[in-house]
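Written out below as structure tokens is the structure these notes cover.
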Number of protein chains: 2
Amino acid sequence: MKGNVLVGQSGGPTAVINSSLAGVFKTAMERGFSKVYGMRNGIQGFLDEQYVDLSDYIKNELDLELLKRTPSAFLGTCRYKLPEIHEDKAIYERIFELLDKLDIEVFIYIGGNDSMDTIRKLFDYSLLTGAKQKFVGCPKTIDNDLAITDHTPGFGSAAKYIATSTKEIICDAMGFSYKKKNVNIVEIMGRNAGWLTGSAALSRSEDCEGPDLIYLPEVPFSIEHFVDEVKKLLEQKDVVVAVVSEGIRTSEGKYVCEYATENATTDAFGHIQMSGTAAYLANVVKNELGCKTRAVELSTLQRAAAHLASRVDVDEAFSVGGATVKAADEGSSGVMVVIDRVSSDPYQSTTGVYDVHRIANDEKVVPRKWINKAGNYVTEEFLDYVRPLIQGYYQPMMVEGLPRHLSMNLKNYDWITSSK
Amino acid sequence: MKGNVLVGQSGGPTAVINSSLAGVFKTAMERGFSKVYGMRNGIQGFLDEQYVDLSDYIKNELDLELLKRTPSAFLGTCRYKLPEIHEDKAIYERIFELLDKLDIEVFIYIGGNDSMDTIRKLFDYSLLTGAKQKFVGCPKTIDNDLAITDHTPGFGSAAKYIATSTKEIICDAMGFSYKKKNVNIVEIMGRNAGWLTGSAALSRSEDCEGPDLIYLPEVPFSIEHFVDEVKKLLEQKDVVVAVVSEGIRTSEGKYVCEYATENATTDAFGHIQMSGTAAYLANVVKNELGCKTRAVELSTLQRAAAHLASRVDVDEAFSVGGATVKAADEGSSGVMVVIDRVSSDPYQSTTGVYDVHRIANDEKVVPRKWINKAGNYVTEEFLDYVRPLIQGYYQPMMVEGLPRHLSMNLKNYDWITSSK
């Protein structure tokens, strides 16, 4: 009789992080583990003994399918970095005491760089003490900045949402342009890695011109030069669409959004006004070139829009979740499951495992050769890499016109009191 | 042999304005009109003799289906108000000269209040001169602020997008809340009418708590009182979600977003920084209560997200388009097609026609009785009115992972040069 599995979610949520959770649950059940416990809010909640038995929530195949379609973190996440072992041994003793108490054999952590750091430290501690548990990381981040793995679950769905929204924003802007120039600036997530920002270029297709300019955080940004490029484009066309990463910095290393607040004073209540990157640049263009501008910040919907998830992404997230349990059950520990791309066309991938020490705290950015020379667009190679990851559609389960999610706080509808 | 139909689109685009265009085209063809001309950028482009023959773009049933799924205005729109007839008779002479030149029998204008004003004036002029053309308005606006009609095409899809996005934003915020309070403020379009803002409440369902607070432009807004309400909620819960209209005003009639720039100076380049309503309120809450805040502005995607259109809305937009041609063909002029609700449960609607003089320039706002006493939520009656309009799903036609649209500038893919 096998013991139990413990699984947690950590860091920023994605549209498919729960698909990985579903994969962990299903494979653990199939492989004969007794229970799957879920940490509430990652390791931070677990330290407060906050956990649930997942079978209380996933009771049938329909629940499992709903979980795969539920955005954000079903279990809740945290941003919590474990201290080094030599700094605070007590916290490790506490964790392993709880693991023993719950008869945990397998510890799965779904997350990005910081989460892999947690797996690394817990594994190292288990080596020091000879603890029996296996520790396996499950990759997740919309930013796609994890090393070794070809890409990360969560990225494909965010890229699909960004490309679709960019296409719709361009379509909207084009319809309005008669005898009026307008400049549209779209701001995309990704502080240091431009994978998501570059994905906006996927909108360029037979029926859409795509953005005119794309600025990734990998290349230093010049505000003056940007205004010049927009000005030149406005001499040839009426509608200009620029896509910028929230993380673009000038050559002095200063974030563009920081310029907005530099000289800013306060409102009537004495509050300093903050501004986003796109809002700031739209304002600069409006003032310098005198044309109509619009800033659109795609915001949290980039990581939460499960209604437009990529099927490839949902399926891979599910597979990767299952592969963590399989790896641990077959004896691996101190590893992260990775996705290996077998072929781009036709797209094929498999899962593998990799030493977590080689992955934790390493950040994968877009290679310079996948950005054009002028530093204002991505190359065809970049698009060939991303395109397979946004394919396919995962039909939401619609109830009363809206996508249904699995929720811990599900309320049963009170038919009697709400009838008229 | 019948003559020709001329159709134009005007004002802000919607996700389904092209479905009405498709309806106009199909019914005109079925009723034996010779050609359907489309004005480029409404009456403004038409005055410059900018028009197309729609059969050059809609060649088969597939094109028609793509057009129904294409957001924004296929023909382009304008914001152009005709002068009163006595102010500038020459412009009317010019328009009717062009109508005669193109053998136009039916003039259809798809739009909101200003567009119905155009229909009214052209009809009045035709009475004065005895011109043969029929003038019929086709309602369209996401704001749902047109009089007489039960609702307007475009509203249902925008409401569906807003409710879905609000649900996903709440889901995202909940996953992050462990031992950290956070306040999320979502900004929705609708300067004077709160129909769209109130629709965010549809997200409240068995699996989602919905927003905590909703502020419509119909009720005066107090910044101080708002901060108090958020503060009280934060004493009971960790995540607070407030939804505000872009048009909320204080009791002095000043837009909330105007407060942001009141004392603001400029950035390093001498530009005044503008701020949205949600961004401003998030900043106030952060400063006053010291908690983490996030502002999300749903922006143009509210009217452009055809990928999440409501089937009821797409179908009604199509029917209403067809009904304009039918009405004109049967002799009506100076009318707008309206939607009459036959029943809410089960939902049934029909089209009718109504004197455009009674509709133009009149703005329908949310009745005070459909907003709760505290002025911070909508009532069940409001939701019963909106809910039928967001039902059903109109499957996008996906090509390479993205929704395909019908485009005037369709490029045929160059298979040879782009192969490797």
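Note on naming: chains are A, B, ... as they come in the structure tokens, residues start from 1 per chain, ligands start from 1 in the order shown.
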
Who sits within 9 Å of Phe96 of chain A, only C-alpha atoms, same chain under 4 positions skipped, as an MDAnalysis selection string: chainID A and resid 91:92 100:101 122 126 131 133

Writing out the chosen residues with C-alpha atoms as a short mmCIF file (atom, residue, chain, number, x, y, z; two decimals), in the first residue's frame:
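Saved as out_6.cif:
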```cif
data_model
loop_
_atom_site.label_atom_id
_atom_site.label_comp_id
_atom_site.auth_asym_id
_atom_site.auth_seq_id
_atom_site.Cartn_x
_atom_site.Cartn_y
_atom_site.Cartn_z
CA ILE A 91 11.85 25.38 9.29
CA TYR A 92 13.04 22.24 7.46
CA ASP A 100 5.83 12.34 8.12
CA LYS A 101 2.64 13.09 9.98
CA LEU A 122 13.91 20.24 0.20
CA SER A 126 16.31 14.99 2.37
CA ALA A 131 14.34 11.25 4.50
CA GLN A 133 10.21 11.50 0.38
#
```

Among listed residues A:Met397, A:Ile95, A:Ile104, A:Val356, nearest chain B (using only C-alpha atoms):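 The shortest atom-to-atom distance to chain B comes from A:Met397.
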
Interatomic distance, atom CA of Tyr178 of chain A to atom CA of Tyr51 of chain B (Å, one decimal):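 Distance between the two atoms: 12.9 Å.
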
All strand (DSSP E or B) residues (DSSP, backbone) inside segment 130-338 of chain A, as a PyMOL selection string: chain A and resi 134-139+146+182-188+205+208+213-215+239-245+249+255+266+272+292-297+310+335-338

What lies within 9 Å of Val325 of chain B using only C-alpha atoms, ignoring chain neighbours under 3 positions off, as a PDB file with C-alpha atoms, in the first residue's frame?
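The resulting file, selection.pdb, is shown below:
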```pdb
ATOM      1  CA  VAL B   5     -28.986  49.195 -51.495  1.00  0.00           C
ATOM      2  CA  GLY B  23     -27.895  40.474 -42.567  1.00  0.00           C
ATOM      3  CA  VAL B  24     -28.371  43.534 -44.784  1.00  0.00           C
ATOM      4  CA  PHE B  25     -26.417  41.906 -47.603  1.00  0.00           C
ATOM      5  CA  THR B  27     -31.731  39.928 -47.269  1.00  0.00           C
ATOM      6  CA  ALA B  28     -31.005  42.446 -50.046  1.00  0.00           C
ATOM      7  CA  ARG B  31     -35.230  40.215 -52.110  1.00  0.00           C
ATOM      8  CA  VAL B 106     -32.593  51.846 -49.872  1.00  0.00           C
ATOM      9  CA  PHE B 107     -30.206  53.631 -47.508  1.00  0.00           C
ATOM     10  CA  ILE B 108     -29.309  51.695 -44.320  1.00  0.00           C
ATOM     11  CA  VAL B 136     -33.841  52.938 -42.348  1.00  0.00           C
ATOM     12  CA  GLY B 321     -29.830  43.871 -40.375  1.00  0.00           C
ATOM     13  CA  GLY B 322     -32.165  41.812 -42.541  1.00  0.00           C
ATOM     14  CA  ALA B 328     -37.599  49.520 -46.642  1.00  0.00           C
ATOM     15  CA  ASP B 329     -38.649  47.047 -49.317  1.00  0.00           C
ATOM     16  CA  GLU B 330     -42.148  47.045 -47.835  1.00  0.00           C
TER      17      GLU B 330
END
```

Residues within 8 Å of Leu281 of chain A, only C-alpha atoms, excluding chain neighbours under 4 positions, as a list in words: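 The neighbour list is Ile185, Ile223, Thr277 and Val285 of chain A.
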